[in-house]
file run30.cif (mmCIF, C-alpha atoms)
data_model
loop_
_atom_site.label_atom_id
_atom_site.label_comp_id
_atom_site.auth_asym_id
_atom_site.auth_seq_id
_atom_site.Cartn_x
_atom_site.Cartn_y
_atom_site.Cartn_z
CA MET J 1 -48.31 2.79 58.38
CA GLU J 2 -48.99 6.39 57.54
CA THR J 3 -51.57 7.32 54.93
CA GLY J 4 -48.92 8.92 52.69
CA VAL J 5 -46.85 5.77 52.60
CA GLN J 6 -49.92 3.68 51.84
CA GLN J 7 -50.55 5.94 48.87
CA TYR J 8 -47.02 5.37 47.64
CA TYR J 9 -47.49 1.60 47.84
CA ALA J 10 -50.79 1.94 46.00
CA GLU J 11 -49.19 3.95 43.21
CA THR J 12 -46.40 1.37 42.93
CA GLN J 13 -48.87 -1.51 42.73
CA LYS J 14 -50.94 0.34 40.14
CA LEU J 15 -47.85 0.90 38.01
CA LEU J 16 -46.88 -2.78 38.36
CA ASP J 17 -50.33 -3.88 37.18
CA GLU J 18 -50.09 -1.42 34.28
CA ILE J 19 -46.71 -2.86 33.18
CA LYS J 20 -47.94 -6.46 33.40
CA SER J 21 -51.09 -5.73 31.40
CA SER J 22 -49.36 -3.73 28.64
CA GLU J 23 -49.86 -5.32 25.21
CA ILE J 24 -46.95 -4.82 22.88
CA LYS J 25 -47.29 -6.03 19.28
CA ASN J 26 -44.23 -4.72 17.46
CA VAL J 27 -40.79 -3.15 17.82
CA GLN J 28 -42.19 0.37 17.65
CA GLU J 29 -44.54 -0.25 20.55
CA LEU J 30 -41.71 -1.89 22.51
CA GLU J 31 -39.57 1.19 22.10
CA GLN J 32 -42.46 3.35 23.30
CA PHE J 33 -42.80 1.04 26.34
CA ARG J 34 -39.12 1.54 27.14
CA ILE J 35 -39.40 5.33 26.92
CA THR J 36 -42.61 5.42 29.01
CA TYR J 37 -41.40 3.27 31.87
CA LEU J 38 -37.60 2.90 31.72
CA GLY J 39 -36.56 6.15 30.02
CA SER J 40 -34.71 8.99 31.73
CA LYS J 41 -38.07 10.79 32.12
CA GLY J 42 -40.16 7.62 32.55
CA LYS J 43 -42.71 6.67 35.20
CA LEU J 44 -40.29 4.49 37.15
CA LYS J 45 -38.05 7.45 37.78
CA ASP J 46 -40.99 9.37 39.22
CA VAL J 47 -41.85 6.50 41.56
CA PHE J 48 -38.24 6.08 42.68
CA ALA J 49 -38.26 9.77 43.60
CA LEU J 50 -40.85 8.96 46.28
CA MET J 51 -38.14 7.09 48.21
CA LYS J 52 -36.98 10.31 49.88
CA GLU J 53 -40.52 10.89 51.26
CA VAL J 54 -40.74 7.48 52.94
CA PRO J 55 -39.94 7.27 56.66
CA ALA J 56 -36.64 5.59 57.55
CA GLU J 57 -38.32 2.49 59.05
CA GLU J 58 -40.19 1.86 55.76
CA LYS J 59 -37.36 2.54 53.33
CA LYS J 60 -36.19 -1.09 53.21
CA ASN J 61 -39.66 -2.52 52.43
CA PHE J 62 -40.51 0.21 49.99
CA GLY J 63 -37.12 -0.17 48.30
CA GLN J 64 -37.78 -3.90 47.76
CA THR J 65 -41.16 -3.03 46.22
CA LEU J 66 -39.50 -0.56 43.85
CA ASN J 67 -36.87 -3.12 42.83
CA THR J 68 -39.61 -5.67 42.07
CA LEU J 69 -41.33 -3.06 39.91
CA LYS J 70 -38.11 -2.21 38.03
CA GLN J 71 -37.20 -5.88 37.51
CA GLU J 72 -40.67 -6.58 36.11
CA ALA J 73 -40.40 -3.72 33.61
CA GLU J 74 -36.86 -4.62 32.53
CA SER J 75 -37.66 -8.32 32.29
CA LYS J 76 -40.68 -7.67 30.09
CA TYR J 77 -38.69 -5.33 27.85
CA GLU J 78 -35.74 -7.71 27.40
CA SER J 79 -38.01 -10.71 26.80
CA LEU J 80 -40.02 -8.96 24.10
CA LYS J 81 -36.88 -7.46 22.54
CA GLU J 82 -35.32 -10.92 22.18
CA GLN J 83 -38.60 -12.27 20.81
CA PHE J 84 -38.89 -9.57 18.15
CA GLU J 85 -35.21 -9.90 17.14
CA SER J 86 -35.54 -13.65 16.83
CA ALA J 87 -38.63 -13.29 14.68
CA SER J 88 -36.83 -10.73 12.48
CA SER J 89 -33.83 -13.02 11.93
CA LYS J 90 -36.12 -15.83 10.83
CA THR J 91 -37.78 -13.66 8.23
CA THR J 92 -36.37 -14.61 4.83
CA THR J 93 -36.80 -13.31 1.34
CA ASN J 94 -37.94 -15.71 -1.34
CA ILE J 95 -34.79 -16.58 -3.30
CA ASP J 96 -34.71 -18.54 -6.52
CA LEU J 97 -31.71 -20.78 -5.93
CA THR J 98 -31.72 -21.87 -9.56
CA MET J 99 -30.83 -18.36 -10.80
CA PRO J 100 -27.17 -17.74 -11.71
CA GLY J 101 -25.19 -15.74 -9.16
CA GLU J 102 -23.98 -12.22 -9.74
CA PRO J 103 -20.53 -12.36 -11.37
CA VAL J 104 -17.57 -11.42 -9.21
CA GLU J 105 -15.38 -8.93 -11.03
CA LEU J 106 -11.73 -9.93 -10.82
CA GLY J 107 -9.10 -7.23 -10.76
CA SER J 108 -5.96 -7.17 -12.85
CA ARG J 109 -2.40 -6.35 -11.99
CA HIS J 110 -1.07 -2.87 -12.51
CA PRO J 111 1.23 -2.64 -15.56
CA VAL J 112 4.08 -1.41 -13.34
CA THR J 113 3.60 -4.43 -11.09
CA ILE J 114 3.57 -6.78 -14.09
CA VAL J 115 6.82 -5.35 -15.50
CA ARG J 116 8.49 -5.23 -12.08
CA LYS J 117 7.71 -8.88 -11.41
CA LYS J 118 8.97 -9.95 -14.84
CA ILE J 119 12.27 -8.10 -14.36
CA ILE J 120 12.76 -9.62 -10.90
CA ASP J 121 11.95 -13.12 -12.18
CA ILE J 122 14.52 -12.83 -14.99
CA PHE J 123 17.38 -11.72 -12.76
CA SER J 124 16.40 -14.10 -9.95
CA SER J 125 16.79 -16.97 -12.40
CA ILE J 126 20.51 -16.15 -12.79
CA GLY J 127 21.33 -15.78 -9.12
CA TYR J 128 20.38 -12.21 -8.22
CA THR J 129 18.71 -11.62 -4.86
CA ILE J 130 16.38 -8.76 -3.97
CA ALA J 131 17.66 -5.95 -1.74
CA GLU J 132 15.56 -3.08 -0.42
CA GLY J 133 16.29 0.11 1.50
CA PRO J 134 14.71 3.30 2.89
CA GLU J 135 13.00 5.88 0.71
CA ILE J 136 14.00 8.67 3.10
CA GLU J 137 17.77 8.59 2.88
CA LYS J 138 20.96 10.26 4.05
CA ASP J 139 23.01 12.33 1.61
CA TRP J 140 25.92 9.90 2.03
CA TYR J 141 24.06 6.92 0.60
CA ASN J 142 22.20 8.81 -2.11
CA PHE J 143 25.02 11.04 -3.35
CA THR J 144 28.40 11.25 -1.62
CA ALA J 145 29.27 7.55 -1.54
CA LEU J 146 28.36 7.39 -5.23
CA ASN J 147 30.92 10.01 -6.31
CA PHE J 148 28.63 13.03 -5.95
CA PRO J 149 30.75 15.49 -3.90
CA PRO J 150 28.83 18.50 -2.51
CA ASP J 151 29.95 20.79 -5.35
CA HIS J 152 29.77 18.18 -8.11
CA PRO J 153 27.74 19.40 -11.14
CA ALA J 154 26.28 15.91 -11.54
CA ARG J 155 24.03 16.68 -8.56
CA ASP J 156 22.18 19.08 -10.82
CA MET J 157 21.18 16.12 -13.02
CA GLN J 158 18.71 15.05 -10.34
CA ASP J 159 16.38 17.62 -8.77
CA THR J 160 15.99 16.47 -5.21
CA TYR J 161 13.32 16.68 -2.51
CA PHE J 162 15.20 17.50 0.70
CA VAL J 163 13.39 16.85 3.97
CA THR J 164 15.77 18.75 6.28
CA GLU J 165 17.15 22.29 5.99
CA ASP J 166 20.75 21.11 6.09
CA GLN J 167 20.01 18.87 3.07
CA GLN J 168 21.42 15.82 4.83
CA TRP J 169 18.12 13.89 4.57
CA LEU J 170 16.17 13.57 1.35
CA LEU J 171 13.76 11.45 -0.65
CA ARG J 172 16.01 9.10 -2.60
CA THR J 173 16.45 9.98 -6.27
CA HIS J 174 17.45 6.44 -7.28
CA THR J 175 17.70 2.99 -5.69
CA SER J 176 21.51 3.15 -5.86
CA ASN J 177 21.34 3.98 -2.15
CA VAL J 178 20.45 0.32 -1.59
CA GLN J 179 23.57 -0.77 -3.50
CA VAL J 180 25.77 1.32 -1.20
CA ARG J 181 24.12 -0.15 1.91
CA VAL J 182 24.60 -3.69 0.55
CA MET J 183 28.29 -3.08 -0.25
CA GLU J 184 28.87 -1.62 3.22
CA ASN J 185 27.34 -4.60 4.99
CA GLN J 186 28.14 -7.56 2.74
CA LYS J 187 31.42 -8.91 1.49
CA PRO J 188 31.80 -9.84 -2.21
CA PRO J 189 30.63 -11.70 -4.14
CA ILE J 190 27.56 -9.47 -4.33
CA ARG J 191 24.78 -10.01 -6.85
CA VAL J 192 21.59 -8.05 -6.10
CA ILE J 193 18.74 -6.20 -7.76
CA CYS J 194 17.14 -3.24 -6.00
CA PRO J 195 13.54 -2.45 -6.97
CA GLY J 196 11.74 0.50 -5.41
CA ARG J 197 10.09 3.88 -5.65
CA VAL J 198 12.17 7.03 -6.17
CA TYR J 199 11.41 10.76 -6.17
CA ARG J 200 12.61 13.71 -8.21
CA ASN J 201 11.46 17.30 -8.16
CA GLU J 202 10.29 17.42 -11.76
CA THR J 203 7.34 19.04 -13.47
CA ILE J 204 4.60 16.46 -13.98
CA SER J 205 3.85 15.93 -17.65
CA ALA J 206 3.04 13.16 -20.10
CA ARG J 207 6.71 12.07 -20.06
CA SER J 208 7.82 12.69 -16.46
CA HIS J 209 6.50 12.45 -12.93
CA CYS J 210 7.68 13.47 -9.45
CA PHE J 211 7.80 9.81 -8.41
CA PHE J 212 8.42 6.61 -10.34
CA HIS J 213 9.90 3.15 -9.91
CA GLN J 214 13.32 1.74 -10.70
CA VAL J 215 15.11 -1.59 -10.71
CA GLU J 216 18.87 -1.37 -10.32
CA GLY J 217 21.34 -4.23 -10.39
CA LEU J 218 24.80 -4.72 -8.92
CA TYR J 219 27.41 -7.45 -9.35
CA VAL J 220 30.73 -7.26 -7.50
CA ASP J 221 33.32 -10.03 -7.48
CA LYS J 222 36.83 -10.81 -8.60
CA ASN J 223 37.52 -10.45 -12.34
CA VAL J 224 34.13 -8.99 -13.27
CA SER J 225 34.43 -7.40 -16.71
CA PHE J 226 32.46 -5.27 -19.13
CA ALA J 227 31.92 -8.42 -21.18
CA ASP J 228 30.04 -9.90 -18.21
CA LEU J 229 27.86 -6.80 -18.10
CA LYS J 230 27.10 -6.99 -21.82
CA GLN J 231 26.21 -10.68 -21.69
CA THR J 232 23.98 -10.18 -18.66
CA LEU J 233 22.06 -7.38 -20.34
CA LEU J 234 21.75 -9.36 -23.59
CA TYR J 235 20.25 -12.23 -21.60
CA PHE J 236 17.80 -9.87 -19.91
CA ALA J 237 16.76 -8.19 -23.17
CA GLN J 238 16.09 -11.49 -24.94
CA GLU J 239 14.17 -12.91 -21.98
CA PHE J 240 12.08 -9.77 -21.64
CA PHE J 241 11.50 -8.69 -25.24
CA GLY J 242 12.04 -11.95 -27.18
CA LYS J 243 14.83 -14.21 -28.37
CA GLU J 244 15.39 -12.22 -31.57
CA THR J 245 16.18 -9.01 -29.66
CA LYS J 246 19.57 -7.41 -30.26
CA ILE J 247 21.31 -4.83 -28.11
CA ARG J 248 23.78 -2.00 -28.56
CA LEU J 249 25.77 -0.01 -26.01
CA ARG J 250 26.41 3.70 -26.48
CA PRO J 251 28.99 5.62 -24.40
CA SER J 252 27.47 7.77 -21.66
CA TYR J 253 28.33 9.30 -18.27
CA PHE J 254 27.29 8.52 -14.71
CA PRO J 255 29.31 9.63 -11.66
CA PHE J 256 29.29 6.17 -10.08
CA THR J 257 30.33 4.08 -13.11
CA GLU J 258 33.36 4.22 -15.40
CA PRO J 259 33.08 3.44 -18.24
CA SER J 260 29.36 4.13 -18.55
CA ALA J 261 26.88 3.29 -21.30
CA GLU J 262 23.26 3.49 -22.40
CA LEU J 263 21.64 0.26 -23.56
CA ASP J 264 19.37 0.17 -26.61
CA VAL J 265 17.35 -2.81 -27.81
CA THR J 266 15.88 -3.47 -31.22
CA CYS J 267 12.34 -2.12 -31.28
CA PHE J 268 9.97 -4.84 -30.14
CA ILE J 269 7.07 -3.21 -32.00
CA CYS J 270 8.53 -3.05 -35.49
CA SER J 271 11.43 -5.51 -35.03
CA GLY J 272 13.90 -2.79 -35.99
CA THR J 273 12.27 -1.66 -39.23
CA GLY J 274 11.18 1.72 -37.86
CA CYS J 275 7.95 2.92 -36.23
CA PRO J 276 6.62 5.80 -34.06
CA VAL J 277 7.71 4.02 -30.85
CA CYS J 278 11.38 3.96 -31.89
CA LYS J 279 11.00 7.19 -33.87
CA GLY J 280 12.03 5.38 -37.04
CA SER J 281 15.47 4.41 -35.71
CA GLY J 282 14.73 0.76 -35.05
CA TRP J 283 16.24 1.09 -31.53
CA VAL J 284 14.73 1.85 -28.12
CA GLU J 285 16.76 3.02 -25.10
CA ILE J 286 15.85 1.09 -21.94
CA LEU J 287 18.57 1.56 -19.29
CA GLY J 288 21.91 2.97 -18.16
CA CYS J 289 24.85 0.85 -17.01
CA GLY J 290 28.59 0.68 -16.50
CA MET J 291 31.48 -0.67 -14.46
CA VAL J 292 31.38 0.41 -10.82
CA ASP J 293 33.84 3.27 -10.29
CA PRO J 294 36.78 2.10 -8.11
CA GLN J 295 36.25 5.09 -5.81
CA VAL J 296 32.69 3.92 -5.09
CA LEU J 297 34.06 0.52 -4.08
CA GLU J 298 36.62 2.18 -1.81
CA ASN J 299 33.91 4.38 -0.26
CA CYS J 300 32.11 1.17 0.69
CA LYS J 301 35.26 -0.42 2.17
CA ILE J 302 35.74 -2.83 -0.77
CA ASP J 303 39.29 -3.20 -2.10
CA SER J 304 39.15 -2.01 -5.72
CA SER J 305 42.51 -3.66 -6.45
CA VAL J 306 40.93 -7.05 -5.77
CA TYR J 307 37.30 -6.62 -6.79
CA THR J 308 35.50 -5.10 -9.75
CA GLY J 309 31.82 -4.88 -10.55
CA PHE J 310 29.11 -3.56 -12.80
CA ALA J 311 25.80 -1.82 -12.17
CA PHE J 312 22.73 -1.04 -14.22
CA GLY J 313 19.41 0.69 -13.67
CA MET J 314 16.13 1.04 -15.50
CA GLY J 315 12.85 2.90 -15.00
CA ILE J 316 9.95 0.48 -14.70
CA GLU J 317 7.39 3.02 -15.94
CA ARG J 318 9.47 3.67 -19.07
CA ILE J 319 9.60 -0.02 -19.97
CA ALA J 320 5.89 -0.45 -19.17
CA MET J 321 5.03 2.51 -21.40
CA LEU J 322 7.14 1.07 -24.23
CA LYS J 323 5.75 -2.43 -23.91
CA TYR J 324 2.09 -1.38 -23.69
CA GLN J 325 2.43 1.76 -25.86
CA ILE J 326 1.15 4.05 -23.11
CA LYS J 327 1.63 7.66 -24.15
CA ASP J 328 1.04 9.42 -20.80
CA ILE J 329 2.91 8.41 -17.63
CA ARG J 330 0.22 10.09 -15.51
CA LEU J 331 -2.21 7.30 -16.41
CA LEU J 332 -0.10 4.90 -14.34
CA SER J 333 -0.84 6.72 -11.08
CA GLU J 334 -4.47 7.83 -11.59
CA ASN J 335 -5.99 4.47 -10.54
CA ASP J 336 -8.63 4.61 -13.25
CA VAL J 337 -10.15 1.12 -13.28
CA ARG J 338 -11.08 1.43 -16.96
CA PHE J 339 -7.41 1.93 -17.78
CA LEU J 340 -6.10 -0.81 -15.50
CA GLN J 341 -8.57 -3.43 -16.78
CA GLN J 342 -6.83 -3.41 -20.15
CA PHE J 343 -3.80 -5.28 -18.87
CA GLU J 344 -3.38 -9.00 -18.39
CA SER J 345 -3.26 -10.36 -14.86
CA GLY J 346 -0.01 -12.19 -15.57
CA TRP J 347 2.76 -12.06 -18.17
#
call {"tool": "encode", "arguments": {"input": "run30.cif", "output": "structure tokens"}}
result
Amino acid sequence: METGVQQYYAETQKLLDEIKSSEIKNVQELEQFRITYLGSKGKLKDVFALMKEVPAEEKKNFGQTLNTLKQEAESKYESLKEQFESASSKTTTNIDLTMPGEPVELGSRHPVTIVRKKIIDIFSSIGYTIAEGPEIEKDWYNFTALNFPPDHPARDMQDTYFVTEDQQWLLRTHTSNVQVRVMENQKPPIRVICPGRVYRNETISARSHCFFHQVEGLYVDKNVSFADLKQTLLYFAQEFFGKETKIRLRPSYFPFTEPSAELDVTCFICSGTGCPVCKGSGWVEILGCGMVDPQVLENCKIDSSVYTGFAFGMGIERIAMLKYQIKDIRLLSENDVRFLQQFESGW
């Protein structure tokens, strides 16, 4: 064996003895051991570089020696690492188990969620099912099928967010689009409520927002009358605001209903005697309603000579603001925990 090769073996043995005799007492020293011997610039890399200087007939033996050296270093590192980690996991802090635990803060439901659930529960109890639809909608379902021709001035009543240049796709301005989809795909009798978020291009203020939530209802069957609509809304008002609640219907206009009306209820704050909420009138407006226009039924392939129906719609934020006397609609979308904690978790 040549003198140079003997020197390489000697250096390898010396390094092996050095690794075996290393005393490592903590994690910091273990990390230093890894850097010194196993790191990208460590001593093992320098020794492995000697492999190219070894004659071909000695490469196999010298390679085995190098592997033994590397295995020893890696084995020692892994063993001590596991030992230190095990010791760390067993280290515990003195805990007084008799001390009371830290209280878990429970959240509360959002006022819009509370009101939405109450409305759904009331109508579900009299046979209405929930129907939902897309928030990005075609013009046909949001306007045209509901008696809003392209040049109809009623379109100006709702400032719209269009998502395509040809104005054929938009963010729905009401959940009436769901009613159209239901009538197109379901034969009467139809009895549904359509809760959901809607969008209108309005200036954000204390009284209006660019998005809000609605619940709309639809009932289509044979011999449905305005009296059925009035009785349904009276039932809702008394279930929601109290058994002593009275209602009144005032003539109004909507393109998709004829006749149309606005529904007022006796003020639930002052019981009709007059207060700031009802502006001294004793009445509070809560929704719009009416008999479904025959043309809307025909647009949805429902024979208006056989079937009639009524529809109604209300803004959830408006009712929540009235019930809880919230003066700024923007509070409902700011997610301020201090504001939300004021409301009960249920009804």
call {"tool": "residues_around", "arguments": {"input": "run30.cif", "residues": "Arg191 (chain J)", "least_positions_apart": "5", "cutoff": "10 Å", "atoms": "all atoms listed in the file", "output": "JSON, numbers by chain"}}
result
{"J": [123, 124, 126, 127, 128, 129, 130, 131, 179, 182, 217, 218, 219, 220, 221, 309, 310, 311]}
call {"tool": "resolve_selection", "arguments": {"input": "run30.cif", "expression": "the PyMOL selection byres ((chain J and resi 253) around 10)", "output": "list of chain:residue names"}}
result
J:Ala154, J:Pro251, J:Ser252, J:Phe254, J:Pro255, J:Phe256, J:Thr257, J:Glu258, J:Pro259, J:Ser260, J:Ala261, J:Glu262, J:Gly288, J:Cys289, J:Gly290
call {"tool": "closest_atom_pairs", "arguments": {"input": "run30.cif", "of": "region 279-339 of chain J", "to": "region 168-178 of chain J", "cutoff": "10 Å", "atoms": "all atoms listed in the file", "output": "Markdown table"}}
result
| residue | atom | partner | partner_atom | distance |
| --- | --- | --- | --- | --- |
| J:Ala311 | CA | J:Ser176 | CA | 9.1 |
| J:Phe312 | CA | J:Ser176 | CA | 9.4 |
| J:Gly313 | CA | J:Ser176 | CA | 8.5 |
| J:Met314 | CA | J:His174 | CA | 9.9 |
| J:Gly315 | CA | J:His174 | CA | 9.7 |
call {"tool": "resolve_selection", "arguments": {"input": "run30.cif", "expression": "the PyMOL selection byres ((chain J and resi 306) around 12)", "output": "short mmCIF file (atom, residue, chain, number, x, y, z; two decimals) with C-alpha atoms, in the coordinates of the input"}}
result
data_model
loop_
_atom_site.label_atom_id
_atom_site.label_comp_id
_atom_site.auth_asym_id
_atom_site.auth_seq_id
_atom_site.Cartn_x
_atom_site.Cartn_y
_atom_site.Cartn_z
CA PRO J 188 31.80 -9.84 -2.21
CA PRO J 189 30.63 -11.70 -4.14
CA VAL J 220 30.73 -7.26 -7.50
CA ASP J 221 33.32 -10.03 -7.48
CA LYS J 222 36.83 -10.81 -8.60
CA ASN J 223 37.52 -10.45 -12.34
CA VAL J 224 34.13 -8.99 -13.27
CA PRO J 294 36.78 2.10 -8.11
CA LEU J 297 34.06 0.52 -4.08
CA GLU J 298 36.62 2.18 -1.81
CA LYS J 301 35.26 -0.42 2.17
CA ILE J 302 35.74 -2.83 -0.77
CA ASP J 303 39.29 -3.20 -2.10
CA SER J 304 39.15 -2.01 -5.72
CA SER J 305 42.51 -3.66 -6.45
CA TYR J 307 37.30 -6.62 -6.79
CA THR J 308 35.50 -5.10 -9.75
CA GLY J 309 31.82 -4.88 -10.55
#
call {"tool": "closest_residue", "arguments": {"input": "run30.cif", "among": "J:Val112, J:Glu137, J:Thr203, J:Val292", "to": "Met183 (chain J)", "atoms": "only C-alpha atoms"}}
result
J:Val292
call {"tool": "atom_distance", "arguments": {"input": "run30.cif", "atom1": "CA of Leu331 (chain J)", "atom2": "CA of Lys117 (chain J)"}}
result
19.6 Å
call {"tool": "closest_residue", "arguments": {"input": "run30.cif", "among": "J:Glu102, J:Glu18, J:Glu184, J:Asp228", "to": "Tyr141 (chain J)", "atoms": "only C-alpha atoms"}}
result
J:Glu184
call {"tool": "atom_distance", "arguments": {"input": "run30.cif", "atom1": "CA of Cys300 (chain J)", "atom2": "CA of Glu216 (chain J)"}}
result
17.4 Å
call {"tool": "decode", "arguments": {"input": "run30.cif", "residues": "region 290-301 of chain J", "atoms": "N, CA and C atoms", "output": "compact mmCIF listing (two decimals), in the first residue's frame"}}
result
# COMPACT_ATOMS: atom_id res chain seq x y z
N GLY J 290 -97.81 41.49 -3.81
CA GLY J 290 -98.83 41.64 -4.83
C GLY J 290 -99.15 40.31 -5.50
N MET J 291 -100.15 40.33 -6.36
CA MET J 291 -100.49 39.16 -7.15
C MET J 291 -99.56 39.08 -8.35
N VAL J 292 -99.06 37.88 -8.63
CA VAL J 292 -98.13 37.71 -9.74
C VAL J 292 -98.80 38.12 -11.04
N ASP J 293 -98.13 38.99 -11.79
CA ASP J 293 -98.68 39.46 -13.07
C ASP J 293 -98.85 38.27 -14.02
N PRO J 294 -100.01 38.16 -14.68
CA PRO J 294 -100.24 37.03 -15.60
C PRO J 294 -99.14 36.88 -16.65
N GLN J 295 -98.56 38.01 -17.10
CA GLN J 295 -97.52 37.92 -18.12
C GLN J 295 -96.28 37.23 -17.58
N VAL J 296 -95.99 37.42 -16.28
CA VAL J 296 -94.84 36.74 -15.66
C VAL J 296 -95.08 35.23 -15.66
N LEU J 297 -96.31 34.82 -15.35
CA LEU J 297 -96.64 33.40 -15.38
C LEU J 297 -96.46 32.84 -16.79
N GLU J 298 -96.93 33.58 -17.79
CA GLU J 298 -96.80 33.13 -19.17
C GLU J 298 -95.33 33.05 -19.60
N ASN J 299 -94.54 34.02 -19.14
CA ASN J 299 -93.10 33.99 -19.46
C ASN J 299 -92.43 32.73 -18.93
N CYS J 300 -92.98 32.19 -17.84
CA CYS J 300 -92.42 30.99 -17.22
C CYS J 300 -93.15 29.73 -17.63
N LYS J 301 -93.94 29.82 -18.71
CA LYS J 301 -94.66 28.67 -19.26
C LYS J 301 -95.72 28.12 -18.31
